2 protein chains.
Amino acid sequence: MKKSLADRIEQYIKVLIDRSEEKQIEIQRAELAETFSCVPSQVTYVISTRFQEKYGYYTESRRGGKGFVRITRFTISSDICTIMDGDKLFDFINELMEKKMLDSESGNMLKHIVLSASSDLADEHRKHLYNSVARGLSEYLNLN
Amino acid sequence: MKKSLADRIEQYIKVLIDRSEEKQIEIQRAELAETFSCVPSQVTYVISTRFQEKYGYYTESRRGGKGFVRITRFTISSDICTIMDGDKLFDFINELMEKKMLDSESGNMLKHIVLSASSDLADEHRKHLYNSVARGLSEYLNLN
DNA sequence: CCCTATTTGACTTTATTTGACTTTCTTCGT
DNA sequence: ACGAAGAAAGTCAAATAAAGTCAAATAGGG
């Protein structure tokens, strides 16, 4: 996949968070923009589209001199009460891989198996399977 | 019977998937349309008629700058031939782990999820699940 | 000839990039 | 201590890039 500028900035930030001890980083918006030779508001765009709470991040910032943007990653858990469809389950798995809570080998295998196993199921059973897998995975990883 | 444009595009995509390591490709709709000198919506037509889930393909896409269409092929489980029960499936997974064809991380996770997911299924559905998982796993590991 | 699959293109929706303008802090000089 | 200047971040809307939708037109097989 050809990466857009926004994608590259997103990755860069995620790597920084991975490497941080506290799963939290502080950046200067202008500095990061400089690194990627883009306008500062591009960074704002990336943060506001990719680092939302629903993806397991929350952000704080301060303007003016010595300003910063702080991004903190927290552990999400699948909300089993939500109706899971295939896409949601896959998003969940992708997110876990991204956060290194699930290695990509295991994650990809799981996606293939779920796809394969759900292919000949009626809709209700398929949904049931998605939910069960989400639940089983959460249990296995000790989320919740 | 002369091959239609749609047929040729379909073939082309399938060859790309065959050649890919992950049985998954990402294309740019407009680029592919360019290759075949046709309108972009022709590509959409091909994808929506030939790469449906019921044929064993899963698609995702993103619009806007650096957009893409991702197509993943998975194996559709056909009717169950082998009678698989839980113990056999677990033996199978253990064997794969012993032979280092499946790392223990993935194997253990899979066992956990299958157990969890099968716990509230009626007998017939449970057996079906075991079989599907065995098949999906075989496929993923390129056994057969 | 009729029916279905294909082809085409106008229009819609979504995502990204950019830049001008606004708001909020900090610092520095009086 | 206070106000002005400067430093950073935020907001918003326009411009551009791609993919999706839908329906009319056409082609081909039976």
# chains A, B, ... in the order shown; residues from 1 in each chain; ligands from 1
call {"tool": "residues_around", "arguments": {"residues": "Glu26 of chain B", "least_positions_apart": "4", "cutoff": "7 Å", "atoms": "only C-alpha atoms (C1' of nucleotides)", "output": "NGL selection string"}}
result
(:A and (1)) or (:B and (68-71))
call {"tool": "write_last_selection", "arguments": {"atoms": "all heavy atoms", "output": "CSV table (one decimal), in the first residue's frame"}}
result
chain,number,residue,atom,x,y,z
A,1,MET,N,0.8,-1.2,0.0
A,1,MET,CA,0.0,0.0,0.0
A,1,MET,C,0.9,1.2,0.0
A,1,MET,O,1.8,1.4,0.8
A,1,MET,CB,-0.9,0.0,1.2
A,1,MET,CG,-1.5,1.4,1.5
A,1,MET,SD,-2.7,1.4,2.8
A,1,MET,CE,-2.0,0.5,4.2
B,68,PHE,N,-7.1,3.0,-1.7
B,68,PHE,CA,-6.8,1.7,-2.2
B,68,PHE,C,-8.0,0.7,-2.1
B,68,PHE,O,-9.0,1.0,-1.4
B,68,PHE,CB,-5.6,1.1,-1.5
B,68,PHE,CG,-5.9,0.9,0.0
B,68,PHE,CD1,-6.6,-0.2,0.5
B,68,PHE,CD2,-5.6,1.9,0.9
B,68,PHE,CE1,-6.9,-0.4,1.8
B,68,PHE,CE2,-5.9,1.8,2.3
B,68,PHE,CZ,-6.5,0.6,2.7
B,69,VAL,N,-7.9,-0.4,-2.7
B,69,VAL,CA,-8.8,-1.5,-2.5
B,69,VAL,C,-8.0,-2.7,-2.2
B,69,VAL,O,-7.1,-3.0,-2.9
B,69,VAL,CB,-9.6,-1.8,-3.8
B,69,VAL,CG1,-10.6,-3.0,-3.6
B,69,VAL,CG2,-10.4,-0.6,-4.2
B,70,ARG,N,-8.3,-3.3,-1.1
B,70,ARG,CA,-7.5,-4.5,-0.6
B,70,ARG,C,-8.4,-5.7,-0.8
B,70,ARG,O,-9.6,-5.7,-0.4
B,70,ARG,CB,-7.1,-4.3,0.8
B,70,ARG,CG,-6.3,-5.5,1.4
B,70,ARG,CD,-6.1,-5.4,2.9
B,70,ARG,NE,-5.4,-4.2,3.1
B,70,ARG,CZ,-5.6,-3.4,4.2
B,70,ARG,NH1,-6.5,-3.6,5.0
B,70,ARG,NH2,-4.9,-2.3,4.3
B,71,ILE,N,-7.9,-6.7,-1.4
B,71,ILE,CA,-8.7,-8.0,-1.6
B,71,ILE,C,-7.9,-9.1,-0.9
B,71,ILE,O,-6.7,-9.3,-1.2
B,71,ILE,CB,-8.9,-8.3,-3.1
B,71,ILE,CG1,-9.5,-7.1,-3.8
B,71,ILE,CG2,-9.7,-9.6,-3.2
B,71,ILE,CD1,-9.7,-7.3,-5.3
call {"tool": "interface_residues", "arguments": {"of": "chain B", "to": "chain A", "cutoff": "7 Å", "atoms": "only C-alpha atoms", "output": "list in words"}}
result
Glu26, Lys54, Lys66, Phe74, Thr75, Ile76, Ser77, Ser106, Met109, His112, Ile113, Ser116, Ala117, Leu129, Ser132, Val133, Gly136, Leu137 and Tyr140 of chain B
call {"tool": "select_by_dssp", "arguments": {"residues": "segment 11-134 of chain B", "states": "strand (DSSP E)", "output": "PyMOL selection string"}}
result
chain B and resi 24-27+57-62+68-73
call {"tool": "write_last_selection", "arguments": {"atoms": "C-alpha atoms", "output": "PDB file, in the first residue's frame"}}
result
ATOM      1  CA  GLN B  24      -3.839 -10.463  -0.322  1.00  0.00           C
ATOM      2  CA  ILE B  25      -3.331  -7.510  -2.635  1.00  0.00           C
ATOM      3  CA  GLU B  26      -3.859  -3.815  -2.624  1.00  0.00           C
ATOM      4  CA  ILE B  27      -4.664  -2.022  -5.822  1.00  0.00           C
ATOM      5  CA  TYR B  57     -12.763 -13.072  -0.941  1.00  0.00           C
ATOM      6  CA  TYR B  58     -12.855 -10.289   1.570  1.00  0.00           C
ATOM      7  CA  THR B  59     -12.468  -6.683   0.475  1.00  0.00           C
ATOM      8  CA  GLU B  60     -11.715  -3.398   2.194  1.00  0.00           C
ATOM      9  CA  SER B  61     -11.045   0.013   0.773  1.00  0.00           C
ATOM     10  CA  ARG B  62     -10.271   3.606   1.504  1.00  0.00           C
ATOM     11  CA  PHE B  68      -6.818   1.653  -2.230  1.00  0.00           C
ATOM     12  CA  VAL B  69      -8.841  -1.499  -2.527  1.00  0.00           C
ATOM     13  CA  ARG B  70      -7.543  -4.498  -0.630  1.00  0.00           C
ATOM     14  CA  ILE B  71      -8.680  -7.977  -1.561  1.00  0.00           C
ATOM     15  CA  THR B  72      -7.966 -10.982   0.636  1.00  0.00           C
ATOM     16  CA  ARG B  73      -8.604 -14.545  -0.392  1.00  0.00           C
TER      17      ARG B  73
END
call {"tool": "calpha_fit_rmsd", "arguments": {"fixed": "chain A", "moving": "chain B"}}
result
12.0 Å
call {"tool": "interface_residues", "arguments": {"of": "chain C", "to": "chain A", "cutoff": "7 Å", "atoms": "only C-alpha atoms (C1' of nucleotides)", "output": "PDB file with all heavy atoms, in the first residue's frame"}}
result
ATOM      1  P    DT C  24      -8.862  31.007  24.034  1.00  0.00           P
ATOM      2  OP1  DT C  24      -9.778  30.020  24.648  1.00  0.00           O
ATOM      3  OP2  DT C  24      -9.003  32.458  24.277  1.00  0.00           O
ATOM      4  O5'  DT C  24      -7.379  30.585  24.433  1.00  0.00           O
ATOM      5  C5'  DT C  24      -6.933  29.265  24.111  1.00  0.00           C
ATOM      6  C4'  DT C  24      -5.489  29.113  24.544  1.00  0.00           C
ATOM      7  O4'  DT C  24      -4.616  29.870  23.675  1.00  0.00           O
ATOM      8  C3'  DT C  24      -5.192  29.604  25.956  1.00  0.00           C
ATOM      9  O3'  DT C  24      -4.251  28.688  26.493  1.00  0.00           O
ATOM     10  C2'  DT C  24      -4.565  30.958  25.718  1.00  0.00           C
ATOM     11  C1'  DT C  24      -3.760  30.635  24.472  1.00  0.00           C
ATOM     12  N1   DT C  24      -3.284  31.744  23.606  1.00  0.00           N
ATOM     13  C2   DT C  24      -2.040  31.630  23.063  1.00  0.00           C
ATOM     14  O2   DT C  24      -1.315  30.681  23.265  1.00  0.00           O
ATOM     15  N3   DT C  24      -1.660  32.685  22.249  1.00  0.00           N
ATOM     16  C4   DT C  24      -2.395  33.799  21.955  1.00  0.00           C
ATOM     17  O4   DT C  24      -1.939  34.657  21.206  1.00  0.00           O
ATOM     18  C5   DT C  24      -3.705  33.869  22.562  1.00  0.00           C
ATOM     19  C7   DT C  24      -4.566  35.048  22.303  1.00  0.00           C
ATOM     20  C6   DT C  24      -4.086  32.852  23.358  1.00  0.00           C
ATOM     21  P    DC C  25      -4.407  28.197  28.030  1.00  0.00           P
ATOM     22  OP1  DC C  25      -4.942  26.848  28.013  1.00  0.00           O
ATOM     23  OP2  DC C  25      -5.056  29.276  28.827  1.00  0.00           O
ATOM     24  O5'  DC C  25      -2.896  28.151  28.480  1.00  0.00           O
ATOM     25  C5'  DC C  25      -2.125  29.310  28.220  1.00  0.00           C
ATOM     26  C4'  DC C  25      -0.721  28.912  27.883  1.00  0.00           C
ATOM     27  O4'  DC C  25      -0.367  29.581  26.677  1.00  0.00           O
ATOM     28  C3'  DC C  25       0.236  29.371  28.976  1.00  0.00           C
ATOM     29  O3'  DC C  25       1.236  28.436  29.241  1.00  0.00           O
ATOM     30  C2'  DC C  25       0.776  30.676  28.439  1.00  0.00           C
ATOM     31  C1'  DC C  25       0.621  30.565  26.920  1.00  0.00           C
ATOM     32  N1   DC C  25       0.146  31.845  26.319  1.00  0.00           N
ATOM     33  C2   DC C  25       0.972  32.497  25.420  1.00  0.00           C
ATOM     34  O2   DC C  25       2.070  31.993  25.125  1.00  0.00           O
ATOM     35  N3   DC C  25       0.575  33.687  24.890  1.00  0.00           N
ATOM     36  C4   DC C  25      -0.605  34.208  25.214  1.00  0.00           C
ATOM     37  N4   DC C  25      -0.963  35.378  24.663  1.00  0.00           N
ATOM     38  C5   DC C  25      -1.483  33.547  26.131  1.00  0.00           C
ATOM     39  C6   DC C  25      -1.076  32.381  26.660  1.00  0.00           C
ATOM     40  P    DT C  26       2.170  28.743  30.555  1.00  0.00           P
ATOM     41  OP1  DT C  26       2.687  27.436  30.999  1.00  0.00           O
ATOM     42  OP2  DT C  26       1.466  29.651  31.483  1.00  0.00           O
ATOM     43  O5'  DT C  26       3.386  29.562  29.908  1.00  0.00           O
ATOM     44  C5'  DT C  26       4.088  28.992  28.803  1.00  0.00           C
ATOM     45  C4'  DT C  26       5.222  29.925  28.395  1.00  0.00           C
ATOM     46  O4'  DT C  26       4.697  31.088  27.717  1.00  0.00           O
ATOM     47  C3'  DT C  26       6.063  30.449  29.562  1.00  0.00           C
ATOM     48  O3'  DT C  26       7.423  30.369  29.168  1.00  0.00           O
ATOM     49  C2'  DT C  26       5.593  31.887  29.733  1.00  0.00           C
ATOM     50  C1'  DT C  26       5.215  32.260  28.287  1.00  0.00           C
ATOM     51  N1   DT C  26       4.166  33.298  28.126  1.00  0.00           N
ATOM     52  C2   DT C  26       4.369  34.310  27.219  1.00  0.00           C
ATOM     53  O2   DT C  26       5.386  34.422  26.563  1.00  0.00           O
ATOM     54  N3   DT C  26       3.327  35.199  27.106  1.00  0.00           N
ATOM     55  C4   DT C  26       2.139  35.180  27.795  1.00  0.00           C
ATOM     56  O4   DT C  26       1.281  36.034  27.588  1.00  0.00           O
ATOM     57  C5   DT C  26       1.989  34.094  28.740  1.00  0.00           C
ATOM     58  C7   DT C  26       0.745  33.995  29.544  1.00  0.00           C
ATOM     59  C6   DT C  26       3.003  33.209  28.869  1.00  0.00           C
TER      60       DT C  26
END
call {"tool": "interface_residues", "arguments": {"of": "chain D", "to": "chain B", "cutoff": "10 Å", "atoms": "only C-alpha atoms (C1' of nucleotides)", "output": "JSON, numbers by chain"}}
result
{"D": [16, 17, 18, 19, 20, 21, 28, 29]}
